[in-house]
Structure formats: C-alpha cells, structure tokens
Amino acid sequence: MEKQTPIIVTENVKKTYEDNGVEVRAVRGVDLTISAGEFTAIVGPSGSGKTTFLNIISGLDTLTSGRVVLNGKPLSDIKGSELSDFRRDHIGFIFQAYNLIPVLTVEENVEYIMLLQGVPKAERHKRVMEILADVGLREYAQRLPAKLSGGQQQRVAVARAMVSNPDLILADEPTANLDSKTGSELLDMMKELNEKKGMTFLFSTHDEMIMKRARRVITLKDGIVAADVLKK
Amino acid sequence: MWFYIKLAWRNIFRNKRRTIITSIAIGIGLASLIFTAALMEGMINNMIQSATSSFLGQAQVHGGDFRETQDVEKTVNNLGQVTAELKQDPLVTNYTLRTLSMGMIASPANLNAALLVGVEPGNERFLSKIADTLQKGSFFDGANPRDMVIGSKLAEDLEVSPGDRVVATVSQAKTGDLAQEMFRISGIYQFGIKEMDSGMAFIRLKKAQQMLGIGDRVHQIAIKFKDLKTADMPGISFWKKYSRFDNEAVPWTILLPQMKAVLGMVDISLLIMAVILGCVVVFGIINSLFMSLYERMFEFAIMRAVGTRPAGLRKLIVLEAGALAVISIILGSALGMILTLIFAHSGIDYRGIEFAGTTFHELIYPVMNKWHYVVFPVGVLFFTMLVAIYPAWVAGRLRIATALRKSL
C-alpha cells in the first residue's frame with residue numbers, strides 16, 4: 001500500500017521565535033522524508049516542537065533556516081497568495097478543535113475548499129455527499145456545527161480535509177478534545193480512509209491511540225528527531 | 001463573491017446583541033442626518049418663502065443700474081412691452097409694478113426718513129404679505145388716492161394711528177424739486193422685520209408717479225413664478241429676455257445675497273454634522289469589527305490555513321461591514337422617515353423668530369426628499385465599507401501559526 005514517492009522532504013529545518021521576549025528554539029534541525037500513503041505520527045512531550053514542525057512543513061509558519069520540499073516543490077519558492085493556493089490544493093488540515101466555520105452547514109463547510117478551487121456546484125455537491133457518506137454523516141449535511149457532537153465535528157473536519165484529494169493530511173492533536181471511544185472511532189475511520197484511498201496522514205500527537213495505529217512514529221525531543229520507528 | 005456575501009451576512013448575526021446595538025447607533029446617526037436635512041430644507045423653503053413673499057418677490061426687473069444708484073430717474077424701459085411679455089410668460093404667475101424713492105414723512109409729533117413705495121394694491125396682494133400683516137386699519141380699501149400704509153415701528157415713531165394725517169416729501173425726477181403731499185394713515189402693518197417695520201411706507205402707484213414726476217413709469221416689477229425653483233435657475237432664457245432694453249432681471253438669490261450666504265451656511269452646517277456623525281459611525285464600526293475580528297482569530301487562522309487567500313479574508317471583513325451598514329441603513333432610514341413624517345405633518349413652531357434678517361411667519365415643515373434616502377444611505381454604506389478596510393487589512397496580515405497558537 002505504501003508508496004515510496006516522497007511527499008515531504010525536510011533538510012536541517014530550524015525554527016527560532018520570540019515568546020514574551022524569550023528566544024525559543026522550537027525546531028533545531030530536522031531532516032525527514034515522509035512518503036505518499038504513510039500514516040505517520042510525530043510524537044513528543046509538550047514543547048518538543050511537534051506543532052511548530054507541522055506548521056513549517058505546511059507553510060503556515062516560516063522557517064529560520066533549512067529547506068522544506070513538498071511534493072517536489074520547495075516551499076521557499078512559493079510566496080503570498082500562491083502559498084494559500086498551494087495549501088488549498090495539496091494539504092488537508094485537521095486541528096484539535098473548532099475546525100469548522102460555525103455559520104456554515106456541514107455541507108458548506110466541507111465544500112468550502114472546493115469553492116475556493118472553483119469546482120462547479122454540481123460536482124461539489126456530489127463529492128461532498130460522497131465524503132460525508134464515507135465519514136458517516138450524510139444525513140447531517142444541513143446541520144450547523146453547533147448541532148453536532150465533538151466527534152461528529154471532527155469527522156466533518158476529516159471530510160473537509162479529504163474532499164479535495166490533497167497530497168497530505170496534517171492532523172494536529174485531532175483527538176485531544178474527544179473522549180477515548182469517540183477518538184478511537186475517529187482514528188479507525190481515518191485509518192480506513194488511508195488504506196482505502198491511499199492518502200498520506202501526518203499526525204502531531206501524544207495520544208497513545210494514534211501511536212498504536214501509526215505505522216511510523218517519529219519522536220521529537222527538544223526540537224530534534226530523537227527516534228524514528230517504522231513498524232512492521 | 002456570493003459565498004462571501006452569504007458568509008458575511010450570517011457572521012454579523014453571530015453576536016446579535018452587538019450587531020443590534022451597533023446598527024442602532026449607526027441608524028440613529030443616519031436618522032438624525034435625514035431628519036436634519038429634511039428640517040433644513042423645510043427651514044430654507046420657509047425662509048425663502050418668507051423673504052420673497054413678504055415684499056421682495058421671487059424676481060425683479062429694474063431699469064438699468066437702478067439697483068446700485070436708487071436714482072428715481074432710472075425707470076424700467078419699454079414698460080408696456082415688458083409687462084405684455086410677462087403677462088404671456090408661462091413661468092410667471094403674477095407680477096406687480098412699483099415705484100421706490102426715499103422720502104421724509106412728517107407727523108404733528110415727529111419726522112422720519114422712509115422708503116416710499118408706490119404700489120398697485122390689487123396686484124400687490126399676490127406678491128407681498130403687507131395686507132396679511134396689518135395690525136390696524138386696512139390695506140387700501142376704497143379709492144382714496146391719499147391712503148398710506150406704514151410699518152408699526154414707523155407709526156410708533158411718528159405717533160400716528162389709522163385716520164391720522166402725515167405729510168410725505170420726495171425729490172422729483174429730473175428737476176430734483178421737492179414734492180409734498182398729505183396722506184391719511186389707512187393701515188399699519190407689522191412684518192417682524194425691523195427694516196420694513198421702521199422704514200417703509202406704501203402709497204398708491206399713481207400718486208407716487210405723480211409726486212415723482214415720472215409719468216406712467218415704474219422703478220420695479222416684482223415677479224412671482226409658478227415654481228419657486230425657477231428663481232434658482234440662472235441658465236434659463238428668462239433672465240436674458242427681461243434684461244433687454246437696458247433693463248435688468250434678477251432673481252431673489254441676487255437681490256438677497258445674505259440669504260444665499262445663509263443657505264450656503266446651512267449646507268456647510270449639514271456637512272459638518274454629517275462629518276461628526278460620520279466619525280461616530282466610523283469609530284462604532286471599527287470598534288465592532290475589531291471586537292469581532294479578535295474574537296475570531298482562530299477561525300480566521302483556520303480559514304487561511306485551508307487555503308483562503310488574504311484577499312478573501314479582507315473581502316469578508318469589508319462585506320461584513322457592508323452587511324452591518326445595510327441593517328443600519330434600513331433602521332436609520334425607517335427612523336428618519338418616521339420622524340420626518342411626524343413633523344412634516346405637525347410642523348415645528350419657530351414663528352416670530354428672526355433669523356438672518358427673515359422672520360418665520362409659518363410653521364416649519366420638514367421636507368420629505370427622496371434624495372435624502374439615497375445620498376445619505378449610500379454615503380453610510382460607502383464610508384462603512386471604506387473604514388472596514390483597516391480591520392480588513394489587519395485580518396489580511398494575520399500570522400496563521402501565531403493566531404492558532406495564541407487562540408487555543
């Protein structure tokens with residue numbers, strides 16, 4: 001199932017920022033290659049640089065030095081609105097909570113990225129309904145996020161992340177706000193979609209449920225890769 | 001674009017209380033502006049009516065440079081042809097002939113200088129309100145050629161009442177010889193305008209022409225138009241037509257430059273008020289938008305993360321401001337209309353108050369002008385969206401990673 005085509009290649013990525021006047025060296029030189037189809041978790045304690053690293057490889061944050069190549073394209077070559085378009089077309093995001101636009105229905109939230117891409121309405125509707133069926137929320141299409149449970153909201157976020165078939169899905173602590181049963185169900189669903197559709201998932205987490213399901217676990221400690229384990 | 005409009009519209013109802021409070025604040029500003037403009041227009045109309053219908057007329061024809069020299073020899077040229085044309089003119093509803101000369105009026109008790117005006121009593125009723133403001137006596141009832149109607153203050157100075165006799169002295173045209181005639185006070189008027197009440201006296205036109213030795217000639221033709229606005233149309237051919245034969249046809253705007261200046265001042269006052277209210281509106285909107293912006297930093301960061309361009313966020317903020325403006329405009333226009341309708345029906349009583357040399361004789365009725373409901377709301381919409389550019393710019397510069405980190 002796993003392909004060997006590299007989706008992300010990072011070379012000596014470093015990130016330093018100031019927080020209340022204190023210099024924080026969040027990432028201190030990370031070299032990694034993530035291949036297409038992986039279901040990988042980046043783990044580590046709080047402050048180990050997981051989220052910062054995810055932000056850097058997705059272009060949400062700038063790096064201090066080093067190089068990130070996403071799908072063969074160096075991120076440093078992409079500027080301004082192009083970077084927004086690049087994220088829209090190549091990366092799906094799932095955050096730990098409040099992922100959705102509260103005033104949009106489930107259908108509208110999921111179709112949002114396709115709307116930005118200029119996909120025709122009929123095509124959008126078809127794809128939204130398909131993906132909502134995949135995450136088991138087809139009948140909730142017209143509901144507002146506030147009318148859904150936390151687990152259902154995260155499923156909608158997964159649907160939104162996947163609907164435009166991105167090269168990579170980045171999930172930052174997606175189960176952090178869910179109870180263990182709901183979190184487990186969500187992860188099973190993501191794993192199934194990874195296997196069925198071959199999408200690349202990269203998690204930032206310290207949730208053991210994710211570590212258990214991930215085929216590769218990269219441990220970050222003090223901003224550097226402390227361990228990189230590929231399960232058999 | 002439609003999607004952003006939909007999103008903006010829904011977003012402003014997320015915090016209904018804030019939206020309603022902000023909209024009411026902007027709406028009250030707009031309503032005040034609409035009502036003030038309506039009131040000003042009503043007041044201006046009232047002032048123009050008062051000024052032009054008291055005595056002046058809406059336009060006048062004089063001979064040559066009579067206005068500057070007040071020389072009694074400078075009469076209207078080709079009077080017969082001019083009056084024949086005025087009679088046929090579709091713009092004109094009435095006109096009257098007058099002579100004007102400075103003279104002295106003496107009573108047994110006192111002596112006063114006054115402007116002696118020769119009038120046609122029948123026509124004068126259509127052009128001036130002298131007959132309507134009589135305090136005592138009558139306005140040239142009967143056919144006595146020696147009737148004189150004077151202002152209340154002049155009567156007080158001369159210590160005369162209706163029935164008393166006075167002697168008027170004027171300087172005759174050409175010769176400059178003095179001509180004296182005795183008159184009987186037939187009426188006393190009170191306009192409320194100091195100059196008219198203390199310095200004018202009216203006699204019959206024929207008698208005035210005879211005293212001045214000018215035959216059938218006159219110094220002034222006062223004109224009333226079918227539409228008051230005609231006087232404020234300098235481009236029409238009317239003015240040229242009646243300025244032939246070395247005559248001069250002028251509208252009230254030239255005859256009463258101080259009134260025109262007052263009207264200009266009213267416009268400036270309205271502009272100043274619009275600017276002040278505009279500032280209130282601007283800060284209200286900026287405050288509301290920034291509160292909304294800071295509350296939704298995480299949401300904006302998510303939107304940016306999933307691919308919304310900075311321009312998309314900016315567009316959303318400006319459209320949210322626009323949506324807020326639309327609600328405010330509906331509220332403000334409705335409130336402005338209700339206020340205007342109420343006072344346009346009941347009127348506002350400023351009667352007896354003198355302003356810029358004009359006394360309000362009638363109630364002021366605010367004017368319902370459709371342009372007030374176009375210009376001001378469009379202005380509010382435009383400025384609201386204009387001031388939204390700043391918060392929109394701030395939103396567009398959002399640092400996604402920082403917003404995500406700080407908002408959680």
# chains A, B, ... in the order shown; residues from 1 in each chain; ligands from 1
$ residues_around --residues "region 49-54 of chain A" --least-positions-apart "4" --cutoff "10 Å" --atoms "only C-alpha atoms" --output "PyMOL selection string"
(chain A and resi 10+13-16+25-28+30+41-45+58-63+170-173+202-206+218-225) or (chain B and resi 401+405)
$ write_last_selection --atoms "C-alpha atoms" --output "PDB file, in the first residue's frame"
ATOM      1  CA  THR A  10      12.874  18.433   5.159  1.00  0.00           C
ATOM      2  CA  VAL A  13      14.859  22.628   9.373  1.00  0.00           C
ATOM      3  CA  LYS A  14      15.284  25.085  12.210  1.00  0.00           C
ATOM      4  CA  LYS A  15      12.820  27.485  13.775  1.00  0.00           C
ATOM      5  CA  THR A  16      13.502  30.075  16.419  1.00  0.00           C
ATOM      6  CA  ARG A  25      14.409  27.361  19.642  1.00  0.00           C
ATOM      7  CA  ALA A  26      11.402  25.227  18.792  1.00  0.00           C
ATOM      8  CA  VAL A  27      12.934  23.152  15.991  1.00  0.00           C
ATOM      9  CA  ARG A  28      16.695  22.655  15.954  1.00  0.00           C
ATOM     10  CA  VAL A  30      15.078  18.207  11.489  1.00  0.00           C
ATOM     11  CA  ALA A  41       2.690  10.174  13.946  1.00  0.00           C
ATOM     12  CA  ILE A  42       5.078  12.771  15.229  1.00  0.00           C
ATOM     13  CA  VAL A  43       5.098  12.420  18.958  1.00  0.00           C
ATOM     14  CA  GLY A  44       6.803  14.035  21.844  1.00  0.00           C
ATOM     15  CA  PRO A  45       6.089  15.938  25.033  1.00  0.00           C
ATOM     16  CA  SER A  58       2.540  23.142   5.719  1.00  0.00           C
ATOM     17  CA  GLY A  59       3.660  26.705   5.083  1.00  0.00           C
ATOM     18  CA  LEU A  60       1.641  28.086   7.985  1.00  0.00           C
ATOM     19  CA  ASP A  61       4.842  29.287   9.597  1.00  0.00           C
ATOM     20  CA  THR A  62       8.171  30.380   8.208  1.00  0.00           C
ATOM     21  CA  LEU A  63      11.379  28.558   8.976  1.00  0.00           C
ATOM     22  CA  LEU A 170      -1.910  17.128   8.579  1.00  0.00           C
ATOM     23  CA  ALA A 171      -3.700  16.443  11.831  1.00  0.00           C
ATOM     24  CA  ASP A 172      -2.637  18.370  14.889  1.00  0.00           C
ATOM     25  CA  GLU A 173      -3.862  16.570  18.011  1.00  0.00           C
ATOM     26  CA  LEU A 202       0.786  13.011   9.320  1.00  0.00           C
ATOM     27  CA  PHE A 203      -0.231  13.457  12.945  1.00  0.00           C
ATOM     28  CA  SER A 204       1.198  15.591  15.677  1.00  0.00           C
ATOM     29  CA  THR A 205       0.149  13.951  18.922  1.00  0.00           C
ATOM     30  CA  HIS A 206       0.901  12.460  22.254  1.00  0.00           C
ATOM     31  CA  ILE A 218       8.755   9.891  14.824  1.00  0.00           C
ATOM     32  CA  THR A 219       9.697  11.187  18.247  1.00  0.00           C
ATOM     33  CA  LEU A 220      10.702  14.795  18.595  1.00  0.00           C
ATOM     34  CA  LYS A 221      12.500  15.912  21.702  1.00  0.00           C
ATOM     35  CA  ASP A 222      13.728  19.448  22.257  1.00  0.00           C
ATOM     36  CA  GLY A 223      13.243  20.226  18.601  1.00  0.00           C
ATOM     37  CA  ILE A 224      15.235  17.344  17.141  1.00  0.00           C
ATOM     38  CA  VAL A 225      14.321  13.840  15.984  1.00  0.00           C
TER      39      VAL A 225
ATOM     40  CA  ALA B 401       0.706  29.965  13.212  1.00  0.00           C
ATOM     41  CA  ARG B 405      -1.082  29.049  18.947  1.00  0.00           C
TER      42      ARG B 405
END
$ interface_residues --of "chain A" --to "chain B" --cutoff "6 Å" --atoms "only C-alpha atoms" --output "ChimeraX atom specification"
/A:60-61,81,84-85,87-88
$ select_by_dssp --residues "region 13-81 of chain A" --states "strand (DSSP E)" --output "PyMOL selection string"
chain A and resi 13-19+22-35+39-43+65-70+73-74
$ residues_around --residues "region 275-283 of chain B" --least-positions-apart "2" --cutoff "7 Å" --atoms "only C-alpha atoms" --output "PyMOL selection string"
chain B and resi 26+29+271-273+285-287+384+387
$ select_by_dssp --residues "region 2-231 of chain A" --states "alpha helix (DSSP H)" --output "number ranges by chain"
A: 50-57, 80-90, 106-117, 121-134, 150-162, 180-197, 208-213
$ residues_around --residues "region 243-253 of chain B" --least-positions-apart "5" --cutoff "8 Å" --atoms "only C-alpha atoms" --output "short mmCIF file (atom, residue, chain, number, x, y, z; two decimals) with C-alpha atoms, in the first residue's frame"
data_model
loop_
_atom_site.label_atom_id
_atom_site.label_comp_id
_atom_site.auth_asym_id
_atom_site.auth_seq_id
_atom_site.Cartn_x
_atom_site.Cartn_y
_atom_site.Cartn_z
CA THR B 52 -39.70 86.53 -1.15
CA LEU B 56 -39.39 91.20 -2.41
CA GLY B 57 -40.95 88.85 -4.94
CA GLN B 58 -39.04 85.92 -6.40
CA ALA B 59 -37.51 88.07 -9.12
CA GLN B 60 -37.45 91.71 -10.10
CA VAL B 61 -36.97 93.76 -13.24
CA HIS B 62 -35.36 97.20 -12.88
CA GLY B 63 -34.24 99.79 -15.29
CA GLY B 64 -30.50 99.99 -15.97
CA ASP B 65 -28.48 100.45 -12.83
CA VAL B 76 -37.94 100.31 -16.29
CA ASN B 77 -37.51 100.77 -20.04
CA ASN B 78 -40.16 99.70 -22.58
CA ALA B 231 -35.52 81.69 -9.47
CA ASP B 232 -32.59 79.40 -8.77
CA MET B 259 -29.91 84.93 2.27
CA LYS B 260 -27.97 82.96 -0.31
#
$ closest_residue --among "A:Thr40, A:Thr33, A:Ser65, A:Ser180" --to "Tyr17 (chain A)" --atoms "only C-alpha atoms"
A:Ser65
$ atom_distance --atom1 "CA of Ser128 (chain B)" --atom2 "CA of Ser53 (chain B)"
5.0 Å
$ closest_residue --among "B:Gly199, B:Gly118, B:Pro391, B:Gly137" --to "Leu154 (chain B)" --atoms "only C-alpha atoms"
B:Gly199
$ residues_around --residues "Tyr390 (chain B)" --least-positions-apart "2" --cutoff "10 Å" --atoms "only C-alpha atoms" --output "PDB file with N, CA and C atoms, in the first residue's frame"
ATOM      1  N   ILE B 286     -15.540  50.514  13.463  1.00  0.00           N
ATOM      2  CA  ILE B 286     -14.187  49.974  13.669  1.00  0.00           C
ATOM      3  C   ILE B 286     -14.141  49.172  14.968  1.00  0.00           C
ATOM      4  N   LEU B 289     -16.023  45.913  14.467  1.00  0.00           N
ATOM      5  CA  LEU B 289     -15.309  44.981  13.585  1.00  0.00           C
ATOM      6  C   LEU B 289     -14.070  44.400  14.265  1.00  0.00           C
ATOM      7  N   PHE B 290     -13.367  45.247  15.013  1.00  0.00           N
ATOM      8  CA  PHE B 290     -12.170  44.740  15.676  1.00  0.00           C
ATOM      9  C   PHE B 290     -12.525  43.738  16.782  1.00  0.00           C
ATOM     10  N   ARG B 314      -9.998  39.696   3.666  1.00  0.00           N
ATOM     11  CA  ARG B 314     -10.243  41.149   3.605  1.00  0.00           C
ATOM     12  C   ARG B 314     -11.630  41.418   3.027  1.00  0.00           C
ATOM     13  N   ILE B 317     -14.334  40.728   5.608  1.00  0.00           N
ATOM     14  CA  ILE B 317     -14.480  41.780   6.631  1.00  0.00           C
ATOM     15  C   ILE B 317     -15.213  42.992   6.054  1.00  0.00           C
ATOM     16  N   VAL B 318     -14.820  43.390   4.841  1.00  0.00           N
ATOM     17  CA  VAL B 318     -15.467  44.561   4.221  1.00  0.00           C
ATOM     18  C   VAL B 318     -16.953  44.253   3.973  1.00  0.00           C
ATOM     19  N   MET B 385     -17.924  50.753   4.478  1.00  0.00           N
ATOM     20  CA  MET B 385     -17.046  49.799   3.801  1.00  0.00           C
ATOM     21  C   MET B 385     -15.627  50.364   3.673  1.00  0.00           C
ATOM     22  N   LEU B 386     -15.573  51.690   3.579  1.00  0.00           N
ATOM     23  CA  LEU B 386     -14.251  52.327   3.484  1.00  0.00           C
ATOM     24  C   LEU B 386     -13.473  52.154   4.791  1.00  0.00           C
ATOM     25  N   VAL B 387     -14.154  52.394   5.919  1.00  0.00           N
ATOM     26  CA  VAL B 387     -13.439  52.284   7.194  1.00  0.00           C
ATOM     27  C   VAL B 387     -13.136  50.824   7.528  1.00  0.00           C
ATOM     28  N   ALA B 388     -13.890  49.923   6.914  1.00  0.00           N
ATOM     29  CA  ALA B 388     -13.642  48.488   7.169  1.00  0.00           C
ATOM     30  C   ALA B 388     -12.330  48.039   6.535  1.00  0.00           C
ATOM     31  N   ALA B 392      -9.885  45.078   7.840  1.00  0.00           N
ATOM     32  CA  ALA B 392      -9.707  44.048   6.803  1.00  0.00           C
ATOM     33  C   ALA B 392      -8.218  43.865   6.503  1.00  0.00           C
ATOM     34  N   TRP B 393      -7.507  44.972   6.488  1.00  0.00           N
ATOM     35  CA  TRP B 393      -6.067  44.922   6.233  1.00  0.00           C
ATOM     36  C   TRP B 393      -5.365  44.155   7.364  1.00  0.00           C
ATOM     37  N   VAL B 394      -5.825  44.457   8.610  1.00  0.00           N
ATOM     38  CA  VAL B 394      -5.249  43.745   9.767  1.00  0.00           C
ATOM     39  C   VAL B 394      -5.517  42.242   9.642  1.00  0.00           C
ATOM     40  N   ALA B 395      -6.743  41.894   9.255  1.00  0.00           N
ATOM     41  CA  ALA B 395      -7.102  40.468   9.108  1.00  0.00           C
ATOM     42  C   ALA B 395      -6.252  39.809   8.026  1.00  0.00           C
ATOM     43  N   GLY B 396      -6.012  40.561   6.953  1.00  0.00           N
ATOM     44  CA  GLY B 396      -5.242  40.012   5.842  1.00  0.00           C
ATOM     45  C   GLY B 396      -3.794  39.734   6.228  1.00  0.00           C
TER      46      GLY B 396
END
$ residues_around --residues "Met148 (chain B)" --least-positions-apart "3" --cutoff "6 Å" --atoms "only C-alpha atoms" --output "compact mmCIF listing (two decimals) with N, CA and C atoms, in the first residue's frame"
# COMPACT_ATOMS: atom_id res chain seq x y z
N ARG B 184 -53.34 110.14 4.43
CA ARG B 184 -54.04 109.70 5.64
C ARG B 184 -53.60 108.27 5.93
N ILE B 185 -53.23 107.99 7.15
CA ILE B 185 -52.80 106.62 7.51
C ILE B 185 -54.03 105.73 7.45
N SER B 186 -53.97 104.77 6.53
CA SER B 186 -55.13 103.87 6.40
C SER B 186 -54.85 102.51 7.04
N PHE B 202 -46.19 102.70 2.22
CA PHE B 202 -46.80 102.35 0.93
C PHE B 202 -47.91 103.32 0.57
N ILE B 203 -47.84 103.79 -0.69
CA ILE B 203 -48.91 104.64 -1.19
C ILE B 203 -49.33 104.09 -2.55
